[in-house]
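Dumped my_file29.cif below, it's mmCIF, C-alpha atoms:
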data_start
loop_
_atom_site.label_atom_id
_atom_site.label_comp_id
_atom_site.auth_asym_id
_atom_site.auth_seq_id
_atom_site.Cartn_x
_atom_site.Cartn_y
_atom_site.Cartn_z
CA MET D 22 97.91 95.77 283.50
CA GLU D 23 97.24 99.21 284.97
CA SER D 24 97.79 97.81 288.44
CA GLU D 25 101.13 96.37 287.35
CA LYS D 26 102.16 99.80 286.08
CA ARG D 27 101.26 101.41 289.38
CA ILE D 28 103.36 98.83 291.22
CA PHE D 29 106.29 99.50 288.89
CA TYR D 30 106.19 103.28 289.27
CA ARG D 31 105.71 103.04 293.03
CA LYS D 32 108.86 100.91 293.23
CA LEU D 33 110.73 103.20 290.86
CA TRP D 34 109.93 106.51 292.52
CA GLY D 35 110.38 104.97 295.95
CA LEU D 36 114.01 104.48 294.93
CA VAL D 37 114.60 107.29 292.43
CA PHE D 38 113.25 110.14 294.57
CA PRO D 39 115.44 109.60 297.66
CA ILE D 40 118.51 108.79 295.53
CA ALA D 41 117.95 111.89 293.37
CA ILE D 42 117.50 114.03 296.49
CA GLN D 43 120.78 112.72 297.93
CA ASN D 44 122.58 113.40 294.64
CA LEU D 45 121.03 116.86 294.48
CA MET D 46 122.26 117.64 297.97
CA THR D 47 125.76 116.57 296.93
CA ALA D 48 125.58 118.81 293.85
CA LEU D 49 124.58 121.70 296.10
CA VAL D 50 127.90 121.34 297.94
CA SER D 51 129.77 122.18 294.72
CA ALA D 52 127.35 125.03 294.12
CA SER D 53 127.91 126.40 297.63
CA ASP D 54 131.70 126.09 297.24
CA ALA D 55 131.57 128.06 293.98
CA PHE D 56 129.18 130.67 295.39
CA MET D 57 131.09 131.26 298.64
CA LEU D 58 134.61 131.14 297.20
CA GLY D 59 133.48 133.59 294.52
CA PHE D 60 133.22 136.14 297.33
CA VAL D 61 136.78 135.35 298.47
CA SER D 62 138.53 135.63 295.10
CA GLN D 63 138.35 134.34 291.55
CA THR D 64 141.67 132.57 292.14
CA SER D 65 140.18 130.58 295.01
CA LEU D 66 137.14 129.63 292.94
CA SER D 67 139.27 128.55 289.97
CA ALA D 68 141.81 126.64 292.07
CA VAL D 69 139.13 124.59 293.84
CA SER D 70 137.41 123.90 290.53
CA LEU D 71 140.64 122.34 289.23
CA ALA D 72 141.59 120.58 292.48
CA THR D 73 138.20 118.90 292.74
CA GLN D 74 138.87 117.13 289.45
CA ILE D 75 140.91 114.67 291.50
CA GLN D 76 137.84 113.97 293.61
CA PHE D 77 135.82 113.71 290.38
CA VAL D 78 138.07 110.91 289.11
CA HIS D 79 137.92 109.21 292.52
CA ASN D 80 134.13 109.44 292.35
CA LEU D 81 134.22 107.71 288.96
CA PHE D 82 135.86 104.69 290.58
CA MET D 83 133.37 104.78 293.45
CA LEU D 84 130.46 105.07 291.00
CA ALA D 85 131.66 102.07 288.97
CA LEU D 86 132.09 100.01 292.15
CA THR D 87 128.66 100.95 293.48
CA ILE D 88 126.98 100.17 290.15
CA GLY D 89 128.69 96.77 290.03
CA ALA D 90 127.75 96.12 293.65
CA THR D 91 124.16 97.25 293.06
CA THR D 92 123.72 95.07 289.97
CA LEU D 93 124.93 91.97 291.81
CA ALA D 94 123.57 92.65 295.32
CA ALA D 95 120.06 93.44 294.04
CA GLN D 96 119.81 89.96 292.54
CA TYR D 97 120.81 88.20 295.77
CA TRP D 98 118.57 90.49 297.82
CA GLY D 99 115.71 89.52 295.51
CA LYS D 100 116.47 85.88 296.33
CA GLY D 101 116.52 86.67 300.04
CA ASP D 102 120.20 85.63 300.26
CA THR D 103 121.49 88.08 302.89
CA ASP D 104 124.79 86.24 303.39
CA SER D 105 125.79 86.74 299.74
CA VAL D 106 124.91 90.45 299.96
CA GLU D 107 127.25 90.73 302.95
CA GLU D 108 129.98 88.94 301.01
CA ILE D 109 129.53 91.37 298.13
CA LEU D 110 129.80 94.26 300.58
CA ALA D 111 133.09 92.87 301.92
CA ILE D 112 134.52 92.32 298.43
CA VAL D 113 133.69 95.84 297.25
CA LEU D 114 134.91 97.45 300.48
CA LYS D 115 138.35 95.92 300.09
CA ILE D 116 138.61 97.24 296.55
CA SER D 117 137.23 100.69 297.34
CA MET D 118 139.56 101.17 300.29
CA ALA D 119 142.57 100.17 298.16
CA VAL D 120 141.55 102.70 295.49
CA SER D 121 140.95 105.40 298.12
CA VAL D 122 144.37 104.86 299.69
CA VAL D 123 146.01 105.43 296.28
CA PHE D 124 144.09 108.70 295.80
CA PHE D 125 144.88 109.77 299.38
CA ILE D 126 148.63 109.26 298.85
CA ALA D 127 148.56 111.06 295.51
CA ALA D 128 146.63 114.08 296.83
CA MET D 129 148.54 114.30 300.12
CA PHE D 130 152.12 113.88 298.87
CA PHE D 131 151.96 114.79 295.18
CA SER D 132 149.45 117.65 295.25
CA GLY D 133 151.73 120.05 293.37
CA PHE D 134 152.27 117.57 290.56
CA LEU D 135 148.53 116.95 290.27
CA MET D 136 147.74 120.67 290.08
CA ARG D 137 150.37 121.16 287.35
CA ILE D 138 148.51 118.64 285.21
CA PHE D 139 145.53 120.99 285.14
CA THR D 140 147.19 124.40 284.95
CA ASN D 141 150.48 126.23 284.51
CA ASP D 142 149.25 129.25 286.48
CA ILE D 143 151.43 129.36 289.60
CA ARG D 144 148.74 131.19 291.59
CA LEU D 145 146.21 128.44 290.97
CA ILE D 146 148.77 125.75 291.73
CA GLN D 147 149.77 127.30 295.05
CA ALA D 148 146.13 127.87 296.03
CA GLY D 149 145.11 124.30 295.12
CA ILE D 150 147.90 122.48 297.00
CA PRO D 151 146.57 123.07 300.56
CA TYR D 152 143.05 122.22 299.42
CA LEU D 153 144.17 118.85 298.03
CA ARG D 154 146.22 117.98 301.11
CA ILE D 155 143.37 118.67 303.51
CA VAL D 156 140.64 117.05 301.42
CA SER D 157 142.76 113.95 300.71
CA VAL D 158 141.74 112.46 304.07
CA SER D 159 138.09 112.54 302.99
CA TYR D 160 138.88 110.02 300.23
CA LEU D 161 139.58 107.41 302.91
CA PHE D 162 136.27 108.14 304.62
CA MET D 163 134.39 107.90 301.33
CA GLY D 164 136.00 104.55 300.51
CA PHE D 165 133.93 103.00 303.30
CA SER D 166 130.84 105.18 303.58
CA GLN D 167 129.89 105.34 299.89
CA ILE D 168 129.98 101.56 299.48
CA TYR D 169 128.03 100.98 302.69
CA LEU D 170 125.39 103.56 301.70
CA CYS D 171 125.10 101.74 298.37
CA ILE D 172 124.41 98.41 300.08
CA MET D 173 121.87 100.13 302.35
CA LYS D 174 119.93 101.14 299.23
CA ASN D 175 119.98 97.52 298.08
CA SER D 176 118.80 96.10 301.39
CA GLY D 177 115.60 98.06 301.89
CA ARG D 178 117.13 101.08 303.65
CA THR D 179 117.06 103.62 300.82
CA ALA D 180 115.39 106.34 302.91
CA LYS D 181 117.85 105.98 305.77
CA SER D 182 120.78 105.99 303.34
CA THR D 183 119.46 109.24 301.87
CA ILE D 184 119.06 110.78 305.32
CA TYR D 185 122.64 109.94 306.29
CA GLY D 186 124.05 111.30 303.04
CA SER D 187 121.90 114.42 303.18
CA VAL D 188 122.82 115.17 306.81
CA ALA D 189 126.49 115.06 305.82
CA VAL D 190 125.82 117.44 302.93
CA VAL D 191 123.95 119.94 305.12
CA ILE D 192 126.84 119.84 307.62
CA ASN D 193 129.25 120.41 304.74
CA ILE D 194 127.42 123.53 303.58
CA GLY D 195 127.12 124.83 307.15
CA PHE D 196 130.82 124.36 307.85
CA ASN D 197 131.63 125.96 304.50
CA VAL D 198 130.12 129.20 305.77
CA ILE D 199 131.91 128.94 309.14
CA PHE D 200 135.37 127.92 307.91
CA ILE D 201 135.56 129.94 304.68
CA PHE D 202 134.45 133.28 306.17
CA GLY D 203 135.55 132.75 309.77
CA LEU D 204 132.38 132.67 311.86
CA ALA D 205 131.58 131.34 315.37
CA GLY D 206 135.08 132.14 316.60
CA PHE D 207 136.92 130.34 313.79
CA PRO D 208 139.51 132.17 311.65
CA ALA D 209 138.69 132.89 308.00
CA MET D 210 140.37 130.02 306.14
CA GLY D 211 139.20 130.65 302.58
CA ILE D 212 140.00 127.78 300.23
CA ALA D 213 141.40 125.64 303.07
CA GLY D 214 138.11 126.10 304.91
CA ALA D 215 136.18 124.58 302.00
CA ALA D 216 138.48 121.53 302.12
CA LEU D 217 138.14 121.20 305.90
CA ALA D 218 134.34 121.42 305.68
CA THR D 219 134.31 118.59 303.14
CA THR D 220 136.58 116.43 305.28
CA VAL D 221 134.57 117.01 308.46
CA SER D 222 131.28 116.19 306.73
CA ARG D 223 132.71 113.00 305.24
CA ALA D 224 133.97 112.00 308.67
CA LEU D 225 130.44 112.47 310.06
CA GLU D 226 129.02 110.41 307.20
CA LEU D 227 131.50 107.66 308.04
CA LEU D 228 130.48 107.72 311.72
CA LEU D 229 126.81 107.41 310.75
CA THR D 230 127.50 104.37 308.57
CA ILE D 231 129.60 102.77 311.30
CA TYR D 232 126.71 103.35 313.72
CA GLU D 233 124.35 101.71 311.24
CA ASN D 234 126.76 98.80 310.89
CA MET D 235 126.49 98.14 314.63
CA HIS D 236 122.95 96.83 314.08
CA ARG D 237 124.06 93.26 313.56
CA SER D 238 120.59 92.06 312.53
CA LEU D 239 120.92 94.05 309.29
CA VAL D 240 123.21 93.62 306.30
CA CYS D 241 126.58 94.73 307.63
CA VAL D 242 130.34 94.22 307.41
CA ARG D 243 131.43 90.79 308.64
CA LEU D 244 135.11 90.17 309.38
CA LYS D 245 134.83 86.57 308.18
CA TYR D 246 133.93 87.81 304.70
CA ILE D 247 136.65 90.46 304.78
CA ARG D 248 139.20 87.70 305.44
CA ASN D 249 137.77 85.22 302.95
CA SER D 250 135.23 85.87 300.22
CA SER D 251 133.68 83.65 297.56
CA LYS D 252 135.73 83.41 294.35
CA LYS D 253 132.52 83.05 292.38
CA LEU D 254 131.12 86.32 293.76
CA LYS D 255 134.42 88.08 293.02
CA LYS D 256 134.29 86.83 289.45
CA ASP D 257 130.66 87.88 289.06
CA PHE D 258 131.39 91.28 290.56
CA TRP D 259 134.19 92.02 288.10
CA HIS D 260 132.02 90.70 285.28
CA TYR D 261 129.51 93.47 285.98
CA THR D 262 131.96 96.15 287.11
CA THR D 263 134.73 96.03 284.47
CA PRO D 264 132.67 97.38 281.53
CA VAL D 265 131.09 100.02 283.78
CA LEU D 266 134.51 101.10 285.07
CA GLY D 267 135.86 101.31 281.51
CA ASN D 268 132.88 103.42 280.45
CA GLU D 269 133.14 105.74 283.45
CA LEU D 270 136.89 106.29 283.02
CA VAL D 271 136.65 106.99 279.28
CA TRP D 272 133.69 109.32 279.81
CA GLY D 273 135.32 110.93 282.86
CA CYS D 274 138.67 111.47 281.16
CA GLY D 275 136.86 113.34 278.40
CA PHE D 276 135.25 115.71 280.91
CA THR D 277 138.51 116.04 282.85
CA MET D 278 140.29 117.13 279.66
CA PHE D 279 137.89 120.08 279.48
CA SER D 280 139.26 121.20 282.85
CA VAL D 281 142.85 120.67 281.69
CA ILE D 282 142.19 122.84 278.62
CA MET D 283 140.38 125.49 280.65
CA GLY D 284 143.16 125.48 283.24
CA HIS D 285 145.69 126.41 280.57
CA LEU D 286 143.45 129.17 279.20
CA GLY D 287 143.52 131.09 282.47
CA SER D 288 141.59 131.78 285.65
CA ASP D 289 138.65 133.44 283.88
CA ALA D 290 137.94 130.36 281.75
CA VAL D 291 138.20 128.04 284.76
CA ALA D 292 135.81 130.15 286.81
CA ALA D 293 133.23 130.29 284.00
CA ASN D 294 133.47 126.55 283.44
CA SER D 295 133.03 125.78 287.15
CA VAL D 296 129.80 127.80 287.28
CA ALA D 297 128.47 126.09 284.13
CA ASN D 298 129.21 122.67 285.65
CA ILE D 299 126.83 123.38 288.54
CA LEU D 300 123.77 123.20 286.26
CA LYS D 301 125.09 120.05 284.56
CA ASN D 302 125.59 118.34 287.92
CA ILE D 303 122.11 119.25 289.15
CA ILE D 304 120.47 117.83 286.00
CA ALA D 305 122.59 114.68 286.28
CA CYS D 306 121.11 114.02 289.74
CA VAL D 307 117.77 112.87 288.33
CA CYS D 308 119.39 110.81 285.57
CA ASN D 309 121.68 109.06 288.06
CA GLY D 310 118.74 108.42 290.37
CA ILE D 311 116.84 106.73 287.54
CA GLY D 312 119.87 104.63 286.61
CA ILE D 313 120.60 103.39 290.13
CA GLY D 314 116.92 102.82 290.90
CA ALA D 315 116.55 100.90 287.65
CA SER D 316 119.43 98.56 288.42
CA ILE D 317 117.97 97.74 291.84
CA ILE D 318 114.44 97.11 290.52
CA VAL D 319 115.52 94.93 287.59
CA GLY D 320 118.10 93.14 289.73
CA ASN D 321 115.49 92.26 292.35
CA GLU D 322 113.21 90.75 289.71
CA LEU D 323 116.08 88.76 288.18
CA GLY D 324 116.95 87.46 291.63
CA LYS D 325 113.37 86.27 292.07
CA GLY D 326 113.51 84.52 288.71
CA GLU D 327 110.84 86.82 287.22
CA MET D 328 112.46 87.12 283.78
CA GLU D 329 109.39 88.41 281.94
CA ARG D 330 108.74 91.11 284.52
CA ALA D 331 112.43 92.09 284.55
CA THR D 332 112.35 92.43 280.74
CA GLU D 333 109.16 94.49 280.90
CA TYR D 334 110.63 96.75 283.58
CA GLY D 335 113.83 97.10 281.56
CA ASN D 336 111.90 98.25 278.48
CA ARG D 337 109.96 100.81 280.48
CA LEU D 338 113.12 102.10 282.14
CA PHE D 339 114.88 102.41 278.78
CA LYS D 340 112.07 104.61 277.44
CA LEU D 341 112.09 106.67 280.64
CA ALA D 342 115.88 107.14 280.42
CA VAL D 343 115.66 108.31 276.80
CA PHE D 344 112.92 110.78 277.75
CA ALA D 345 114.92 112.10 280.73
CA GLY D 346 118.03 112.48 278.56
CA ALA D 347 116.10 114.39 275.88
CA VAL D 348 114.56 116.76 278.44
CA SER D 349 117.95 117.35 280.07
CA GLY D 350 119.51 118.16 276.70
CA LEU D 351 116.76 120.66 275.90
CA ILE D 352 117.22 122.37 279.28
CA LEU D 353 120.96 122.74 278.72
CA LEU D 354 120.41 124.11 275.21
CA ALA D 355 117.83 126.59 276.47
CA VAL D 356 120.18 127.85 279.17
#

Can you give me the file's structure in the form of structure tokens?
Amino acid sequence: MESEKRIFYRKLWGLVFPIAIQNLMTALVSASDAFMLGFVSQTSLSAVSLATQIQFVHNLFMLALTIGATTLAAQYWGKGDTDSVEEILAIVLKISMAVSVVFFIAAMFFSGFLMRIFTNDIRLIQAGIPYLRIVSVSYLFMGFSQIYLCIMKNSGRTAKSTIYGSVAVVINIGFNVIFIFGLAGFPAMGIAGAALATTVSRALELLLTIYENMHRSLVCVRLKYIRNSSKKLKKDFWHYTTPVLGNELVWGCGFTMFSVIMGHLGSDAVAANSVANILKNIIACVCNGIGIGASIIVGNELGKGEMERATEYGNRLFKLAVFAGAVSGLILLAV
């Protein structure tokens, strides 16, 4: 029994640690944006905090799609059915790209309208418009890269997926310094520089995933599945994804309303809220890592037909999730 536990925790931390590190690196981007723009002006910090709520909602869709893809792909990977995993990848990519195009159009051509949802302060609106227009292109890059990185985690390439995501994050932070403050011969761009850094880093992440996709011996995008995918897999995918998407949108809309309220209270409230969110996002990294790792582990066992082991793993993961949530709550209360 002790040996079985060691196997379980080795599998879990082999997935949770790299995923949590990647999520932590992503959270550090928001922290670096807040830290650096705080030196530019409080208006810049507050405007970006509100403008990134659009990306937050886009991320909710991406998260729901990746969870649905993970839940389904892990089962077929456990069976050794690579073809079905590639079909799932194609199905989710088509959906994610459609969603990303909608967000790109909204942020590029209706940026003023979107900013007015969050604030009536004309200074924040005018500062947020260029940020949204520049960063809107990154939504298209993320529509492909985030789904492909998700499938990499499900096909035995978790470490490489983490490396690709983390490299993009490091580049983002580096370009933040260069573009925001005007170093290495570049002009000081302020809030627009933060948006450009994000877009450039997402473009690099996309190039890395395309490079990975060129290894045809691995799970990759196949045009035949893009053109025609299994109706059964589509049905199964939506079966897993619809409740997750509903949960994420309801939960996300609640958090977004905080930003709407803060935006109408003034720049000071927005700035304070954006700094407080940094700690929340860092703590969420570990919880998200446990959740994604759990879905892969349990899914693999279900795919192998090991129902008893999957149930046992599920019970252990539930207890671990409750413990992690309790510790996170205590940390937030203490702070």

Residues matched by the PyMOL selection byres ((chain D and resi 96) around 8), written as a compact mmCIF listing (two decimals) with C-alpha atoms, in the coordinates of the input:
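What ended up in out-v8.txt:
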# COMPACT_ATOMS: atom_id res chain seq x y z
CA THR D 92 123.72 95.07 289.97
CA LEU D 93 124.93 91.97 291.81
CA ALA D 94 123.57 92.65 295.32
CA ALA D 95 120.06 93.44 294.04
CA TYR D 97 120.81 88.20 295.77
CA TRP D 98 118.57 90.49 297.82
CA GLY D 99 115.71 89.52 295.51
CA LYS D 100 116.47 85.88 296.33
CA GLY D 320 118.10 93.14 289.73
CA ASN D 321 115.49 92.26 292.35
CA GLU D 322 113.21 90.75 289.71
CA LEU D 323 116.08 88.76 288.18
CA GLY D 324 116.95 87.46 291.63
CA LYS D 325 113.37 86.27 292.07

Query raised in the report: D:Tyr160, D:Trp259, D:Phe202, D:Tyr232: which is nearest D:Thr220, counting all atoms listed in the file?
Result: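 Of all the options, D:Tyr160 lies closest to D:Thr220.
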
Query - Hits of the PyMOL selection byres ((chain D and resi 79) around 12) in this structure, as number ranges by chain - result: D: 72-78, 80-86, 117-125, 127-128, 157, 159-161, 163-164, 167, 266, 269-270, 273-274, 277

Query raised in the report: Using all atoms listed in the file, which residue out of D:Gly101, D:Gly326, D:Pro264, D:Gly335 lies closest to D:Ile88?
Result: D:Pro264

Requested in this report: Please evaluate the PyMOL selection byres ((chain D and resi 111) around 9) against the displayed coordinates and give the resulting residues as a list in words.
Outcome: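 In the shown coordinates, the PyMOL selection byres ((chain D and resi 111) around 9) covers Val106, Glu107, Glu108, Ile109, Leu110, Ile112, Val113, Leu114, Lys115, Ile116, Cys241, Val242, Arg243, Leu244, Tyr246, Ile247, Arg248 and Ser250 of chain D.
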
Query raised in the report: Could you work out how far atom CA of D:Leu66 lies from atom CA of D:Ile212, giving the answer in Å with one decimal?
Result: 8.0 Å

Query raised in the report: In Å to one decimal, how far is atom CA of D:Leu170 from atom CA of D:Ser182?
Result: 5.5 Å

Query raised in the report: Please, what distance in Å, to one decimal, runs between atom CA of D:Ala209 and atom CA of D:Val61?
Result: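 These atoms are spaced 10.0 Å apart.
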
For a quick check of your reading of the model, name the residues lying within 12 Å of the coordinate (127.6, 104.8, 311.5), counting only C-alpha atoms, and write them as a PDB file with C-alpha atoms, in the coordinates of the input.
ATOM      1  CA  PHE D 162     136.270 108.140 304.620  1.00  0.00           C
ATOM      2  CA  PHE D 165     133.930 103.000 303.300  1.00  0.00           C
ATOM      3  CA  SER D 166     130.840 105.180 303.580  1.00  0.00           C
ATOM      4  CA  GLN D 167     129.890 105.340 299.890  1.00  0.00           C
ATOM      5  CA  TYR D 169     128.030 100.980 302.690  1.00  0.00           C
ATOM      6  CA  LEU D 170     125.390 103.560 301.700  1.00  0.00           C
ATOM      7  CA  MET D 173     121.870 100.130 302.350  1.00  0.00           C
ATOM      8  CA  LYS D 181     117.850 105.980 305.770  1.00  0.00           C
ATOM      9  CA  SER D 182     120.780 105.990 303.340  1.00  0.00           C
ATOM     10  CA  TYR D 185     122.640 109.940 306.290  1.00  0.00           C
ATOM     11  CA  GLY D 186     124.050 111.300 303.040  1.00  0.00           C
ATOM     12  CA  ALA D 189     126.490 115.060 305.820  1.00  0.00           C
ATOM     13  CA  ARG D 223     132.710 113.000 305.240  1.00  0.00           C
ATOM     14  CA  ALA D 224     133.970 112.000 308.670  1.00  0.00           C
ATOM     15  CA  LEU D 225     130.440 112.470 310.060  1.00  0.00           C
ATOM     16  CA  GLU D 226     129.020 110.410 307.200  1.00  0.00           C
ATOM     17  CA  LEU D 227     131.500 107.660 308.040  1.00  0.00           C
ATOM     18  CA  LEU D 228     130.480 107.720 311.720  1.00  0.00           C
ATOM     19  CA  LEU D 229     126.810 107.410 310.750  1.00  0.00           C
ATOM     20  CA  THR D 230     127.500 104.370 308.570  1.00  0.00           C
ATOM     21  CA  ILE D 231     129.600 102.770 311.300  1.00  0.00           C
ATOM     22  CA  TYR D 232     126.710 103.350 313.720  1.00  0.00           C
ATOM     23  CA  GLU D 233     124.350 101.710 311.240  1.00  0.00           C
ATOM     24  CA  ASN D 234     126.760  98.800 310.890  1.00  0.00           C
ATOM     25  CA  MET D 235     126.490  98.140 314.630  1.00  0.00           C
ATOM     26  CA  HIS D 236     122.950  96.830 314.080  1.00  0.00           C
ATOM     27  CA  CYS D 241     126.580  94.730 307.630  1.00  0.00           C
ATOM     28  CA  VAL D 242     130.340  94.220 307.410  1.00  0.00           C
TER      29      VAL D 242
END

Report task. Would you please work out which residue, of D:Arg330, D:Thr262, D:Phe339, D:Val191, is nearest to D:Gly312 when using all atoms listed in the file? Result -> D:Phe339

**Report entry** Protein/DNA/RNA residues near (116.1, 89.4, 306.9), cut 9 Å, all atoms listed in the file, as a ChimeraX atom specification
**Finding:** /D:101-103,238-240

Query raised in the report: Which residue gives the smallest distance to D:Ala180 among D:Asn141, D:Met328, D:Phe344, D:Trp34, with all atoms listed in the file counted?
Result: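 Distance minimum relative to D:Ala180 lands on D:Trp34.
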